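The structure under discussion appears below in the form of structure tokens.
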Amino acid sequence: PGFGRSTRVNFSSDPGQVEEQYIYCVEKWREKVGLTKMNLLGHSFGGYLTALYTIKYPQHINHAILADPWGMTERPAQLATKSNIPVWARTLGYALRHFNPLWSLRASGPAGPWL
């Protein structure tokens, strides 16, 4: 819910409750469609939700396929605010971020093949 043309859901601010709301939506969809067992494929966040659904409702899953799953974890209480990257390296990275490794070859134009 909340993607594509689906309606927007007012989710809780608690990550655990959000997970439950997503799983509840999948279960209600399964019931409405009338599936007793299903193959469920989830990519990225959908993979995470597929795993959660499979844990909660294993009786409704024939196959669960997780494609690059990830989940939302709670924010750490203390985040590291200081970076160990030297100032000169950050400056160089900022200056070079728009260049790809072959920029000099592209910049050489027609002479590129002979370089």
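Chain labels follow the order of the structure tokens: the first chain is A, the next B, and so on; residue numbering restarts at 1 in every chain, and ligands are counted from 1 in their shown order.
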
(message) Considering only strand (DSSP E or B) as DSSP defines it on the backbone, what residues of chain A qualify? List them as a ChimeraX atom specification.
(response) /A:38-43,61-67

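Atom pair atom CA of Ala67 of chain A / atom CA of Glu19 of chain A has a distance of 18.2 Å (rounded to one decimal).
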
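In this comparison, which uses only C-alpha atoms, the residue of A:Lys37, A:Arg106, A:Phe45, A:Val9 approaching Gln21 of chain A most closely is A:Val9.
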
(request) Give me the residues within 7 Å of Asp68 of chain A as a list in words, counting only C-alpha atoms and dropping any in the same chain fewer than 3 places off. (result)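 Once the nearby chain positions are removed, what remains is His43, Ser44 and Gly47 of chain A.
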
Save out the residues we just selected, C-alpha atoms, as a CSV table (one decimal), in the first residue's frame.
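Printed below is out-v3.csv as written:
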```
chain,number,residue,atom,x,y,z
A,43,HIS,CA,12.5,-7.5,-3.8
A,44,SER,CA,14.3,-5.1,-1.5
A,47,GLY,CA,11.7,-9.2,0.4
```

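If you look at atom CA of Trp70 of chain A and atom CA of Leu49 of chain A, they are 8.9 Å away from each other.
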
(request) Just give me the gap between atom CA of Thr91 of chain A and atom CA of Ser104 of chain A in Å, one decimal is fine. (result) 20.1 Å

(message) Considering only C-alpha atoms, can you say which of A:Tyr53, A:Trp103, A:Tyr94, A:Trp88 comes closest to Glu20 of chain A?
(response) A:Tyr53

(message) Could you pull out the helix (DSSP H, G or I) residues of chain A, going by DSSP on the backbone, and write them as a PyMOL selection string?
(response) chain A and resi 15-33+45-56+58-60+87-96+103-107+109-114

(request) Within 9 Å of Thr36 of chain A, counting only C-alpha atoms, which residues show up once you throw out same-chain ones fewer than 4 positions away? Write them as a list in words, please. (result)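 The neighbour list is Arg30, Glu31, Gln59, His60 and Ile61 of chain A.
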
Write out, as an mmCIF file, in the first residue's frame, the residues just selected, with C-alpha atoms.
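So out-v6.cif came out as:
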```
data_model
loop_
_atom_site.group_PDB
_atom_site.id
_atom_site.type_symbol
_atom_site.label_atom_id
_atom_site.label_comp_id
_atom_site.auth_asym_id
_atom_site.auth_seq_id
_atom_site.Cartn_x
_atom_site.Cartn_y
_atom_site.Cartn_z
ATOM 1 C CA ARG A 30 -4.701 -13.091 0.069
ATOM 2 C CA GLU A 31 -8.052 -13.701 1.733
ATOM 3 C CA GLN A 59 0.587 -22.235 6.264
ATOM 4 C CA HIS A 60 -0.244 -19.912 3.337
ATOM 5 C CA ILE A 61 3.186 -20.034 1.657
#
```

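Among A:Ala95, A:Met38, A:Leu52, A:Lys32, the residue with the shortest atom-to-atom distance to Val18 of chain A, counting only C-alpha atoms, is A:Leu52.
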
(request) Using only C-alpha atoms, find the one residue out of A:Leu35, A:Leu66, A:Cys25, A:Leu102 that sits nearest to Thr50 of chain A. (result)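 Looking at the shortest contact to Thr50 of chain A, the residue is A:Leu66.
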
(request) Might you pull out every residue within 6 Å of Asn39 of chain A, with only C-alpha atoms counted and same-chain residues fewer than 3 positions away left off, and present them as a VMD selection string? (result) chain A and resid 62 to 64

Expected file: the selected residues, C-alpha atoms, as a compact mmCIF listing (two decimals), in the first residue's frame:
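New file again.txt:
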```txt
# COMPACT_ATOMS: atom_id res chain seq x y z
CA ASN A 62 4.19 -22.55 -0.99
CA HIS A 63 7.48 -20.83 -1.90
CA ALA A 64 8.98 -17.59 -0.59
```
